[in-house]
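Worksheet: the structure to be examined is printed underneath.
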Amino acid sequence: MGIEAAITAEGFLTTQLQRVINWSRRSSLWPMPFATACCGIELMATASSRYDLARFGAEVMRFSPRQSDLLIVAGRISVKMMPVLQRIYQQMAEPRWVISMGACASTGGVFDTYAVVQGCDQFIPVDVYVPGCPPRPEQLIEGVMAIQRIIDEEGIPPQGPDGKRVPLGIALEPTHEVRPQPVPLGLS
Ligand code: SF4
């Protein structure tokens with residue numbers, strides 16, 4: 001089965017070391033979930049049996065930043081919480097990536113208040129924005145796959161001339177059509 005069927009035991013493959021490293025990295029993303037609100041429930045669903053994030057090699061959720069290389073910000077971030085999120089990002093292993101999941105993480109969502117950060121990208125570099133309130137698990141998986149495609153092509157995150165990390169800022173398109181209201185809305 002698998003590759004053993006295609007190649008005999010004595011066979012060998014040649015490739016570039018960089019390709020093997022990129023393949024290993026993209027096949028073993030370890031997410032650091034920073035789930036503060038309802039988007040976190042969709043994140044849990046994405047990792048559970050129905051959607052099975054393990055198929056993409058990214059199911060090993062770590063609650064220790066030193067063992068993680070993919071930060072998933074899921075939910076609104078209060079001003080009080082922001083320093084904690086920044087500290088976690090700084091402690092994560094390099095090369096590290098960031099997904100902003102949902103309207104609240106990306107823009108503050110409906111919480112246009114003085115206490116909620118209006119987009120976590122003001123404080124940490126975001127590579128992929130996943131739209132929705134909340135995004136469906138398929139949409140989050142698309143975000144993880146976008147990161148995987150970048151790793152396959154680029155290997156490590158880009159850096160500016162000053163050595164600072166350059167956020168990729170990829171905004172995913174919604175994968176579904178908004179359905180009409182089943183019952184017309186109106187005031188009687
Ligand atoms: S985007 Fe919507 S679902 Fe996600 S945390 Fe905000 S309010 Fe909740």
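Identifiers in this document derive from the order of the structure tokens: chains are assigned A, B, ..., residues are numbered from 1 separately in each chain, and ligands are numbered from 1 in order of occurrence.
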Any idea what's packed within 6 Å of segment 139-153 of chain A, counting only C-alpha atoms, ignoring anything in its chain fewer than 3 positions away? Could you give it as JSON, numbers by chain? {"A": [22, 26, 135, 136]}
Can you write out as JSON lines which residues of chain A fall within 6 Å of ligand 1, alongside each residue's closest atom pair and its distance in Å to one decimal, counting only C-alpha atoms and all ligand atoms and ordering rows by chain and ascending residue number?
{"residue": "A:Ala37", "atom": "CA", "partner": "ligand 1", "partner_atom_place_in_ligand_line": "5 (S)", "distance": 4.6}
{"residue": "A:Cys38", "atom": "CA", "partner": "ligand 1", "partner_atom_place_in_ligand_line": "8 (Fe)", "distance": 4.1}
{"residue": "A:Cys39", "atom": "CA", "partner": "ligand 1", "partner_atom_place_in_ligand_line": "4 (Fe)", "distance": 3.9}
{"residue": "A:Gly75", "atom": "CA", "partner": "ligand 1", "partner_atom_place_in_ligand_line": "5 (S)", "distance": 3.6}
{"residue": "A:Arg76", "atom": "CA", "partner": "ligand 1", "partner_atom_place_in_ligand_line": "5 (S)", "distance": 5.5}
{"residue": "A:Gly102", "atom": "CA", "partner": "ligand 1", "partner_atom_place_in_ligand_line": "1 (S)", "distance": 4.2}
{"residue": "A:Ala103", "atom": "CA", "partner": "ligand 1", "partner_atom_place_in_ligand_line": "1 (S)", "distance": 4.1}
{"residue": "A:Cys104", "atom": "CA", "partner": "ligand 1", "partner_atom_place_in_ligand_line": "6 (Fe)", "distance": 4.2}
{"residue": "A:Gly109", "atom": "CA", "partner": "ligand 1", "partner_atom_place_in_ligand_line": "6 (Fe)", "distance": 5.9}
{"residue": "A:Cys133", "atom": "CA", "partner": "ligand 1", "partner_atom_place_in_ligand_line": "2 (Fe)", "distance": 3.5}
{"residue": "A:Pro134", "atom": "CA", "partner": "ligand 1", "partner_atom_place_in_ligand_line": "3 (S)", "distance": 3.6}
Contacts of segment 172-186 of chain A at 8 Å or less, counting only C-alpha atoms, minus same-chain residues fewer than 2 places along, as number ranges by chain? A: 128-132, 139, 143, 170, 188
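You can rank A:Leu29, A:Met44, A:Val79, A:Met92 by their closest distance to Phe56 of chain A using only C-alpha atoms, and at the top of that list sits A:Leu29.
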Can you list, as a ChimeraX atom specification, every residue of segment 2-97 of chain A that DSSP puts in helix (DSSP H, G or I)? /A:3-6,17-26,39-47,53-56,65-67,82-91
Determine which residues of chain A receive a DSSP assignment of strand (DSSP E or B), computed from the backbone, and state them as a VMD selection string. chain A and resid 31 to 35 70 to 74 78 97 to 101 116 128 to 130 159 165 170 to 171
Please produce a file of the residues just selected, as a tab-separated table (two decimals), in the first residue's frame, where the atoms kept are N, CA and C atoms.
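Result saved to part12.tsv:
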chain	number	residue	atom	x	y	z
A	31	PRO	N	-1.03	23.93	16.00
A	31	PRO	CA	-1.72	25.18	16.32
A	31	PRO	C	-1.68	25.51	17.81
A	32	MET	N	-1.62	26.82	18.06
A	32	MET	CA	-1.79	27.35	19.42
A	32	MET	C	-3.15	28.04	19.42
A	33	PRO	N	-4.19	27.43	20.00
A	33	PRO	CA	-5.52	28.06	19.95
A	33	PRO	C	-5.61	29.19	20.97
A	34	PHE	N	-5.96	30.38	20.49
A	34	PHE	CA	-6.25	31.49	21.40
A	34	PHE	C	-7.72	31.81	21.21
A	35	ALA	N	-8.54	30.97	21.83
A	35	ALA	CA	-9.99	31.04	21.60
A	35	ALA	C	-10.65	31.73	22.78
A	70	LEU	N	1.63	27.72	14.83
A	70	LEU	CA	0.50	28.33	14.12
A	70	LEU	C	-0.47	28.91	15.15
A	71	LEU	N	-0.48	30.23	15.27
A	71	LEU	CA	-1.38	30.88	16.22
A	71	LEU	C	-2.73	31.10	15.55
A	72	ILE	N	-3.80	30.57	16.16
A	72	ILE	CA	-5.15	30.80	15.64
A	72	ILE	C	-5.89	31.68	16.65
A	73	VAL	N	-6.12	32.94	16.25
A	73	VAL	CA	-6.83	33.87	17.11
A	73	VAL	C	-8.31	33.73	16.78
A	74	ALA	N	-9.09	33.19	17.72
A	74	ALA	CA	-10.50	32.89	17.46
A	74	ALA	C	-11.35	33.61	18.51
A	78	SER	N	-9.87	41.60	24.05
A	78	SER	CA	-10.03	42.84	24.81
A	78	SER	C	-8.66	43.52	24.95
A	97	TRP	N	3.32	31.24	12.25
A	97	TRP	CA	2.30	31.77	11.36
A	97	TRP	C	1.09	32.17	12.19
A	98	VAL	N	0.27	33.06	11.63
A	98	VAL	CA	-0.90	33.55	12.38
A	98	VAL	C	-2.14	33.53	11.50
A	99	ILE	N	-3.22	32.95	12.02
A	99	ILE	CA	-4.53	33.02	11.38
A	99	ILE	C	-5.45	33.85	12.28
A	100	SER	N	-6.12	34.83	11.68
A	100	SER	CA	-7.13	35.59	12.39
A	100	SER	C	-8.47	35.02	11.98
A	101	MET	N	-9.16	34.38	12.92
A	101	MET	CA	-10.38	33.63	12.60
A	101	MET	C	-11.61	34.44	13.01
A	116	VAL	N	-12.57	46.64	23.33
A	116	VAL	CA	-12.25	45.54	22.41
A	116	VAL	C	-11.29	46.04	21.33
A	128	VAL	N	-3.25	35.10	7.49
A	128	VAL	CA	-4.49	34.74	6.80
A	128	VAL	C	-5.68	35.21	7.63
A	129	TYR	N	-6.59	35.91	6.96
A	129	TYR	CA	-7.85	36.31	7.59
A	129	TYR	C	-8.94	35.35	7.13
A	130	VAL	N	-9.61	34.72	8.08
A	130	VAL	CA	-10.71	33.81	7.75
A	130	VAL	C	-12.01	34.54	8.04
A	159	GLN	N	10.62	38.54	5.57
A	159	GLN	CA	11.09	39.56	6.50
A	159	GLN	C	11.42	40.81	5.71
A	165	ARG	N	9.30	40.83	10.80
A	165	ARG	CA	8.37	39.92	10.13
A	165	ARG	C	7.36	40.72	9.31
A	170	ILE	N	-3.38	37.66	3.83
A	170	ILE	CA	-4.22	37.04	2.80
A	170	ILE	C	-5.66	36.96	3.31
A	171	ALA	N	-6.59	37.57	2.58
A	171	ALA	CA	-8.00	37.54	2.97
A	171	ALA	C	-8.70	36.46	2.16
Work out how far apart atom CA of Gly108 of chain A and atom CA of Lys80 of chain A are and give it in Å to one decimal. 14.1 Å
Tell me, in Å to one decimal, how far atom CA of Val60 of chain A is from atom CA of Ser48 of chain A.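 Atom CA of Val60 of chain A sits 11.4 Å away from atom CA of Ser48 of chain A.
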Grab the atom CA of Gln118 of chain A to atom CA of Pro161 of chain A distance for me, in Å with one decimal place.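 These two atoms are separated by 27.8 Å.
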Applying 9 Å and only C-alpha atoms, which residues near Asp121 of chain A remain after dropping the ones on its own chain fewer than 4 positions away? List them as number ranges by chain. A: 100, 105-107, 125-126, 167, 169
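Between Ile77 of chain A and the candidates A:Val20, A:Val117, A:Leu168, A:Leu13, the tightest atom-to-atom separation, counting only C-alpha atoms, involves A:Val117.
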